[in-house]
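This is entry05.txt (compact mmCIF, C-alpha atoms).
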```txt
# COMPACT_ATOMS: atom_id res chain seq x y z
CA MET A 23 -1.10 71.38 40.54
CA LYS A 24 -0.61 67.67 40.31
CA LEU A 25 2.67 66.53 38.80
CA ARG A 26 2.55 63.53 36.53
CA ARG A 27 5.04 60.93 37.60
CA GLY A 28 7.30 59.52 34.91
CA GLN A 29 6.43 55.83 34.30
CA LEU A 30 9.29 53.39 34.59
CA LEU A 31 9.70 50.82 31.83
CA VAL A 32 9.56 47.34 33.31
CA ASP A 33 10.94 44.63 31.04
CA PRO A 34 9.89 41.05 31.75
CA PRO A 35 12.95 39.06 32.76
CA ALA A 36 14.26 37.56 29.51
CA SER A 37 17.14 35.65 31.03
CA SER A 38 15.04 32.57 31.70
CA SER A 39 13.28 32.43 28.32
CA SER A 40 15.90 30.10 26.83
CA ASP A 41 15.45 27.73 29.77
CA ILE A 42 11.72 27.76 29.17
CA ALA A 43 12.28 26.98 25.48
CA PHE A 44 14.61 24.15 26.49
CA ILE A 45 12.02 22.60 28.78
CA LEU A 46 9.34 22.97 26.09
CA ILE A 47 11.50 21.18 23.53
CA ILE A 48 12.20 18.34 25.97
CA PHE A 49 8.46 18.06 26.54
CA PHE A 50 7.61 17.86 22.82
CA LEU A 51 10.47 15.47 22.12
CA VAL A 52 9.29 13.11 24.84
CA CYS A 53 5.71 13.36 23.55
CA ALA A 54 6.85 12.53 20.01
CA SER A 55 9.04 9.61 21.02
CA VAL A 56 6.54 7.82 23.26
CA GLN A 57 4.15 7.13 20.38
CA PRO A 58 4.86 3.44 19.81
CA GLU A 59 4.33 1.75 16.44
CA THR A 60 2.62 -1.59 16.13
CA GLY A 61 3.40 -4.18 13.55
CA LEU A 62 3.95 -7.73 12.46
CA PRO A 63 7.61 -8.82 12.50
CA GLN A 64 8.83 -11.25 9.85
CA PHE A 65 12.30 -12.71 9.50
CA LEU A 66 13.54 -12.69 5.90
CA PRO A 67 16.49 -14.94 5.13
CA ARG A 68 18.38 -14.17 1.93
CA THR A 69 17.11 -15.57 -1.37
CA GLU A 70 17.22 -19.36 -1.36
CA ALA A 71 19.39 -21.55 -3.55
CA LYS A 72 17.80 -23.37 -6.47
CA GLU A 73 18.19 -26.87 -4.95
CA GLU A 74 15.80 -26.01 -2.17
CA LYS A 75 13.00 -25.33 -4.64
CA LYS A 76 12.54 -29.07 -5.24
CA GLU A 77 11.79 -29.67 -1.57
CA GLN A 78 9.28 -26.83 -1.54
CA SER A 79 7.10 -28.62 -4.08
CA LYS A 80 6.09 -31.05 -1.30
CA ASN A 81 4.96 -28.17 0.88
CA LEU A 82 1.57 -26.58 1.24
CA GLU A 83 0.73 -24.19 -1.58
CA VAL A 84 -1.43 -21.13 -1.15
CA SER A 85 -2.62 -18.88 -3.96
CA ILE A 86 -4.03 -15.49 -3.05
CA THR A 87 -6.42 -13.59 -5.29
CA PRO A 88 -8.41 -10.44 -4.41
CA SER A 89 -11.50 -12.55 -3.69
CA ASN A 90 -10.23 -15.97 -2.65
CA ILE A 91 -7.50 -17.92 -0.93
CA VAL A 92 -6.70 -21.26 -2.56
CA LEU A 93 -5.11 -23.88 -0.30
CA ASN A 94 -3.83 -26.91 -2.23
CA GLY A 95 -6.48 -26.34 -4.90
CA SER A 96 -9.45 -25.61 -2.60
CA PRO A 97 -10.80 -22.02 -2.70
CA LEU A 98 -11.51 -20.73 0.82
CA LYS A 99 -12.42 -17.56 2.69
CA LEU A 100 -10.07 -16.27 5.38
CA PRO A 101 -11.76 -17.73 8.52
CA GLU A 102 -11.95 -21.19 6.92
CA PHE A 103 -8.40 -20.86 5.59
CA SER A 104 -7.08 -20.04 9.09
CA LYS A 105 -8.63 -23.25 10.46
CA ARG A 106 -7.51 -25.45 7.56
CA ILE A 107 -3.92 -24.19 7.57
CA LEU A 108 -3.68 -24.74 11.33
CA VAL A 109 -4.86 -28.36 10.98
CA ALA A 110 -2.60 -28.97 7.98
CA LEU A 111 0.49 -27.58 9.74
CA GLN A 112 -0.19 -29.35 13.02
CA ALA A 113 0.13 -32.63 11.16
CA LYS A 114 3.67 -31.73 10.12
CA THR A 115 6.53 -32.09 12.58
CA ARG A 116 9.72 -31.21 10.68
CA PRO A 117 10.42 -27.46 10.28
CA GLN A 118 11.13 -27.88 6.55
CA ASP A 119 7.65 -29.37 6.08
CA LYS A 120 6.06 -26.31 7.65
CA VAL A 121 7.08 -24.15 4.72
CA VAL A 122 4.06 -22.68 2.95
CA VAL A 123 4.58 -21.51 -0.62
CA VAL A 124 2.50 -18.40 -1.29
CA LYS A 125 1.77 -17.12 -4.76
CA SER A 126 -0.26 -13.97 -5.23
CA THR A 127 -1.90 -12.61 -8.34
CA PRO A 128 -0.48 -9.18 -9.22
CA ASP A 129 -3.73 -7.47 -8.21
CA THR A 130 -3.88 -8.99 -4.71
CA PRO A 131 -4.35 -6.12 -2.22
CA TYR A 132 -1.89 -5.79 0.67
CA ASP A 133 -4.77 -5.91 3.13
CA GLN A 134 -5.66 -9.44 1.96
CA TRP A 135 -2.03 -10.58 1.68
CA ILE A 136 -1.06 -9.53 5.20
CA ARG A 137 -4.08 -11.32 6.72
CA VAL A 138 -3.10 -14.56 4.99
CA SER A 139 0.49 -14.02 6.08
CA GLN A 140 -0.63 -13.57 9.69
CA ALA A 141 -2.82 -16.70 9.53
CA ILE A 142 0.15 -18.77 8.30
CA ASP A 143 2.37 -17.27 10.98
CA ASN A 144 -0.17 -17.95 13.72
CA ALA A 145 -0.47 -21.56 12.52
CA GLY A 146 3.28 -21.99 12.93
CA GLY A 147 4.09 -21.98 9.22
CA THR A 148 7.05 -20.48 7.41
CA LEU A 149 5.91 -18.35 4.53
CA THR A 150 7.79 -18.51 1.24
CA LEU A 151 6.94 -16.16 -1.57
CA GLU A 152 6.84 -17.46 -5.10
CA LEU A 153 7.32 -14.46 -7.29
CA GLU A 154 6.56 -14.12 -10.98
CA SER A 155 10.26 -14.08 -11.82
CA GLU A 156 10.43 -17.58 -10.26
CA ARG A 157 12.73 -16.41 -7.49
CA THR A 158 11.72 -17.51 -4.03
CA ILE A 159 12.37 -15.87 -0.69
CA THR A 160 11.46 -17.28 2.68
CA VAL A 161 9.52 -15.38 5.28
CA ASP A 162 9.46 -16.88 8.75
CA MET B 5 49.59 51.32 56.66
CA LYS B 6 48.87 48.42 54.39
CA LEU B 7 45.97 48.82 52.01
CA ALA B 8 43.86 45.76 51.39
CA ARG B 9 43.74 44.90 47.72
CA LYS B 10 40.33 44.48 46.21
CA LYS B 11 39.65 40.85 45.39
CA PHE B 12 38.27 39.93 41.95
CA THR B 13 36.37 36.72 41.62
CA ALA B 14 36.52 34.84 38.35
CA SER B 15 33.45 32.75 37.63
CA VAL B 16 32.40 30.76 34.57
CA PRO B 17 29.51 32.61 32.93
CA SER B 18 26.54 30.29 33.22
CA PHE B 19 24.08 32.75 31.78
CA ALA B 20 24.35 31.33 28.25
CA MET B 21 24.04 27.68 29.28
CA GLY B 22 20.34 27.51 28.42
CA ASP B 23 21.00 28.93 24.95
CA ILE B 24 23.80 26.43 24.32
CA ALA B 25 21.59 23.53 25.38
CA PHE B 26 18.81 24.85 23.16
CA LEU B 27 21.06 25.00 20.10
CA LEU B 28 22.41 21.52 20.79
CA LEU B 29 18.89 20.17 20.95
CA ILE B 30 17.95 21.80 17.66
CA PHE B 31 21.05 20.19 16.15
CA PHE B 32 20.13 16.70 17.37
CA VAL B 33 16.48 17.12 16.38
CA ILE B 34 17.55 17.98 12.82
CA LEU B 35 19.86 14.97 12.77
CA ALA B 36 17.07 12.72 13.98
CA ARG B 37 14.72 13.97 11.28
CA VAL B 38 16.98 12.62 8.52
CA GLN B 39 14.97 9.36 8.75
CA ASP B 40 11.69 11.20 8.76
CA ASP B 41 9.05 9.87 6.37
CA SER B 42 6.08 11.70 7.83
CA HIS B 43 5.38 13.33 4.46
CA VAL B 44 4.67 9.92 2.88
CA GLN B 45 0.91 9.55 2.43
CA TRP B 46 -0.28 6.04 3.30
CA ASP B 47 -3.11 4.30 5.12
CA PRO B 48 -2.06 1.26 7.15
CA ALA B 49 -3.92 -2.02 6.95
CA ILE B 50 -5.82 -2.93 10.13
CA LEU B 51 -5.00 -6.23 11.78
CA PRO B 52 -5.63 -7.81 15.21
CA ASP B 53 -2.95 -9.12 17.60
CA LEU B 54 -0.06 -6.85 16.68
CA LYS B 55 3.19 -6.38 18.60
CA MET B 56 4.94 -3.23 19.73
CA ILE B 57 8.10 -2.74 17.72
CA GLY B 58 11.44 -1.19 18.55
CA ALA B 59 13.38 1.42 16.63
CA PRO B 60 14.17 0.27 13.08
CA LEU B 61 17.44 0.96 11.27
CA ALA B 62 15.58 2.04 8.15
CA SER B 63 12.06 2.72 7.02
CA VAL B 64 10.69 1.55 3.67
CA ALA B 65 7.28 2.81 2.59
CA ILE B 66 4.87 2.44 -0.32
CA ASP B 67 2.56 5.43 -0.49
CA SER B 68 -0.95 5.87 -1.88
CA GLY B 69 0.57 6.60 -5.29
CA TYR B 70 2.44 3.25 -5.06
CA LYS B 71 5.85 4.89 -5.06
CA THR B 72 8.59 3.36 -2.92
CA TYR B 73 10.47 5.41 -0.32
CA LEU B 74 13.55 4.65 1.75
CA ASN B 75 13.77 6.85 4.85
CA GLY B 76 11.40 9.32 3.20
CA GLU B 77 13.36 9.53 -0.06
CA GLU B 78 11.79 8.16 -3.25
CA ILE B 79 13.74 5.20 -4.60
CA SER B 80 13.44 2.60 -7.36
CA ASN B 81 13.17 -1.09 -6.43
CA GLY B 82 16.48 -1.78 -8.17
CA GLN B 83 18.34 0.65 -5.92
CA LEU B 84 16.73 -0.58 -2.73
CA THR B 85 18.91 -3.64 -2.02
CA PRO B 86 22.30 -1.88 -2.37
CA ARG B 87 21.08 1.10 -0.31
CA LEU B 88 19.76 -1.20 2.42
CA ASN B 89 23.01 -3.18 2.38
CA ALA B 90 24.87 0.07 3.00
CA ILE B 91 22.57 1.02 5.89
CA LEU B 92 22.53 -2.41 7.53
CA GLY B 93 26.27 -3.01 7.12
CA GLU B 94 27.51 -5.73 9.47
CA THR B 95 24.64 -5.39 11.93
CA PRO B 96 24.00 -8.83 13.45
CA ALA B 97 20.84 -10.75 12.57
CA GLY B 98 17.96 -9.96 14.85
CA GLN B 99 18.90 -6.29 14.98
CA ARG B 100 18.51 -5.57 11.26
CA ASN B 101 14.99 -4.20 11.69
CA ILE B 102 13.43 -2.49 8.70
CA SER B 103 9.96 -1.06 9.10
CA PHE B 104 7.75 -1.60 6.09
CA LYS B 105 4.81 0.73 5.64
CA VAL B 106 2.48 -0.23 2.82
CA HIS B 107 -0.64 1.61 1.76
CA LYS B 108 -3.50 -0.83 2.37
CA GLU B 109 -4.69 -0.62 -1.25
CA ALA B 110 -1.28 -1.42 -2.72
CA GLN B 111 -1.23 -4.61 -4.76
CA ALA B 112 1.15 -7.56 -4.89
CA ARG B 113 2.83 -6.11 -8.00
CA HIS B 114 3.87 -3.12 -5.84
CA PHE B 115 4.90 -4.68 -2.52
CA GLU B 116 6.28 -8.12 -3.44
CA PRO B 117 9.35 -6.76 -5.29
CA VAL B 118 10.05 -4.55 -2.26
CA ILE B 119 9.80 -7.52 0.14
CA GLN B 120 12.17 -9.38 -2.19
CA ALA B 121 14.65 -6.47 -2.09
CA ILE B 122 14.51 -6.33 1.72
CA GLY B 123 15.00 -10.11 1.86
CA GLU B 124 18.01 -9.91 -0.42
CA ALA B 125 19.56 -7.27 1.83
CA GLY B 126 19.02 -9.59 4.82
CA GLY B 127 16.72 -7.20 6.62
CA ASP B 128 14.36 -8.21 9.42
CA LEU B 129 11.04 -7.10 8.03
CA ILE B 130 8.46 -5.46 10.28
CA HIS B 131 5.12 -4.66 8.68
CA ILE B 132 3.77 -1.48 10.27
CA LEU B 133 0.04 -1.91 10.76
CA GLU B 134 -2.79 -0.43 12.76
CA PRO B 135 -4.26 -2.52 15.57
CA GLU B 136 -7.89 -3.49 15.23
CA PRO B 137 -9.96 -1.34 17.61
CA THR B 138 -11.16 -3.29 20.62
CA GLU B 139 -14.85 -3.19 21.44
CA PRO B 140 -15.69 -1.46 24.75
```

Target format structure tokens, applied to this file:
Amino acid sequence: MKLRRGQLLVDPPASSSSDIAFILIIFFLVCASVQPETGLPQFLPRTEAKEEKKEQSKNLEVSITPSNIVLNGSPLKLPEFSKRILVALQAKTRPQDKVVVVKSTPDTPYDQWIRVSQAIDNAGGTLTLELESERTITVD
Amino acid sequence: MKLARKKFTASVPSFAMGDIAFLLLIFFVILARVQDDSHVQWDPAILPDLKMIGAPLASVAIDSGYKTYLNGEEISNGQLTPRLNAILGETPAGQRNISFKVHKEAQARHFEPVIQAIGEAGGDLIHILEPEPTEP
């Protein structure tokens, strides 16, 4: 007669499972933190004093609508605007003359606004928002 | 005859070290997620020539429903400046980074008051955008 041997219970070693979890967390943390974000930095000084508004009237004025960009009264598309603003700003030497006053209609999409903002920035201009409440803030 | 006494060794139990480290990590991960705004639904605008940005002190977002969020928490535009002032404190200029995530279809009536609020708080605005895909 063949005797059946009693099977021994073999537990997997659990002592290292916390170390494995630790390493896994480190791995996922590193993966999550190495995803860099891309963006367009802009320096925003605090709201300007009223006296400075008078000087801004001499500056370039840009109106943004959903379909057009108006530079000193001339309606333009973005590629043409980028060229015209570059030429206009290159002619100005003093930093205070490089201020560009931007007024947007309330329905201007962000996509359009940020492209105009980038064009002004690339041309070396300082963007100033003219808001409906007639308060102005400067964006460099 | 002198009997040798049995020596007992006292050692610091290192068995639980992994567990302690694990719990500490969980703690710090939860702390880090306080600024999390991953639940905010927004589509970034696509733009060429963008820069890599560092870690911001706060994150302001406008979602696809045109609601404003500060660090993932919905907020009114009126409350934004005082809350940002509290976060930025006396941080020197140049380090007052605030990431600004705007849904690409948001309109000037939604994002301009937020830019104004960030400007009033003296924040360094960083528009978070998606880089234009480069052609192969």

Per residue of chain B within 6 Å of chain A, note the shortest atom pair and the distance in Å to one decimal, counting all atoms listed in the file, and order the rows by chain and increasing residue number, as JSON lines.
```
{"residue": "B:Gly22", "atom": "CA", "partner": "A:Asp41", "partner_atom": "CA", "distance": 5.1}
{"residue": "B:Asp23", "atom": "CA", "partner": "A:Ser40", "partner_atom": "CA", "distance": 5.6}
{"residue": "B:Phe26", "atom": "CA", "partner": "A:Phe44", "partner_atom": "CA", "distance": 5.4}
{"residue": "B:Ala49", "atom": "CA", "partner": "A:Asp133", "partner_atom": "CA", "distance": 5.5}
{"residue": "B:Leu54", "atom": "CA", "partner": "A:Gly61", "partner_atom": "CA", "distance": 5.4}
{"residue": "B:Lys55", "atom": "CA", "partner": "A:Thr60", "partner_atom": "CA", "distance": 5.4}
{"residue": "B:Met56", "atom": "CA", "partner": "A:Thr60", "partner_atom": "CA", "distance": 4.6}
{"residue": "B:Ile57", "atom": "CA", "partner": "A:Thr60", "partner_atom": "CA", "distance": 5.8}
{"residue": "B:Lys108", "atom": "CA", "partner": "A:Asp133", "partner_atom": "CA", "distance": 5.3}
{"residue": "B:Glu109", "atom": "CA", "partner": "A:Pro131", "partner_atom": "CA", "distance": 5.6}
{"residue": "B:Ala110", "atom": "CA", "partner": "A:Tyr132", "partner_atom": "CA", "distance": 5.6}
{"residue": "B:Gln111", "atom": "CA", "partner": "A:Pro131", "partner_atom": "CA", "distance": 4.3}
{"residue": "B:Ala112", "atom": "CA", "partner": "A:Pro128", "partner_atom": "CA", "distance": 4.9}
{"residue": "B:Arg113", "atom": "CA", "partner": "A:Pro128", "partner_atom": "CA", "distance": 4.7}
{"residue": "B:Gly123", "atom": "CA", "partner": "A:Leu66", "partner_atom": "CA", "distance": 5.0}
{"residue": "B:Glu124", "atom": "CA", "partner": "A:Arg68", "partner_atom": "CA", "distance": 4.9}
{"residue": "B:Gly126", "atom": "CA", "partner": "A:Arg68", "partner_atom": "CA", "distance": 5.5}
{"residue": "B:Asp128", "atom": "CA", "partner": "A:Phe65", "partner_atom": "CA", "distance": 4.9}
{"residue": "B:Leu129", "atom": "CA", "partner": "A:Gln64", "partner_atom": "CA", "distance": 5.0}
{"residue": "B:Ile130", "atom": "CA", "partner": "A:Pro63", "partner_atom": "CA", "distance": 4.1}
{"residue": "B:His131", "atom": "CA", "partner": "A:Leu62", "partner_atom": "CA", "distance": 5.0}
{"residue": "B:Ile132", "atom": "CA", "partner": "A:Gly61", "partner_atom": "CA", "distance": 4.3}
{"residue": "B:Leu133", "atom": "CA", "partner": "A:Gly61", "partner_atom": "CA", "distance": 4.9}
```

Dump as a PyMOL selection string all residues having an atom at most 10 Å from (-2.1, -28.3, 6.1), computed in the file's coordinates with only C-alpha atoms. chain A and resi 81-83+93-94+103+105-114+119-120+122+145+147

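Nearest to B:His43 of all the residues B:Val118, B:Ala125, B:Ile66, B:Leu27 is B:Ile66, based on only C-alpha atoms.
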
Excluding B:Leu74 and residues on its chain fewer than 5 positions from it, collect all residues at most 8 Å away from it, counting all atoms listed in the file, and give them as a list in words. Ala62, Ser63, Val64, Ala65, Ile79 and Leu84 of chain B

Could you turn the residues from that selection into a file that holds C-alpha atoms, as a short mmCIF file (atom, residue, chain, number, x, y, z; two decimals), in the coordinates of the input?
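Final output, out-v4.cif:
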```
data_model
loop_
_atom_site.label_atom_id
_atom_site.label_comp_id
_atom_site.auth_asym_id
_atom_site.auth_seq_id
_atom_site.Cartn_x
_atom_site.Cartn_y
_atom_site.Cartn_z
CA ALA B 62 15.58 2.04 8.15
CA SER B 63 12.06 2.72 7.02
CA VAL B 64 10.69 1.55 3.67
CA ALA B 65 7.28 2.81 2.59
CA ILE B 79 13.74 5.20 -4.60
CA LEU B 84 16.73 -0.58 -2.73
#
```
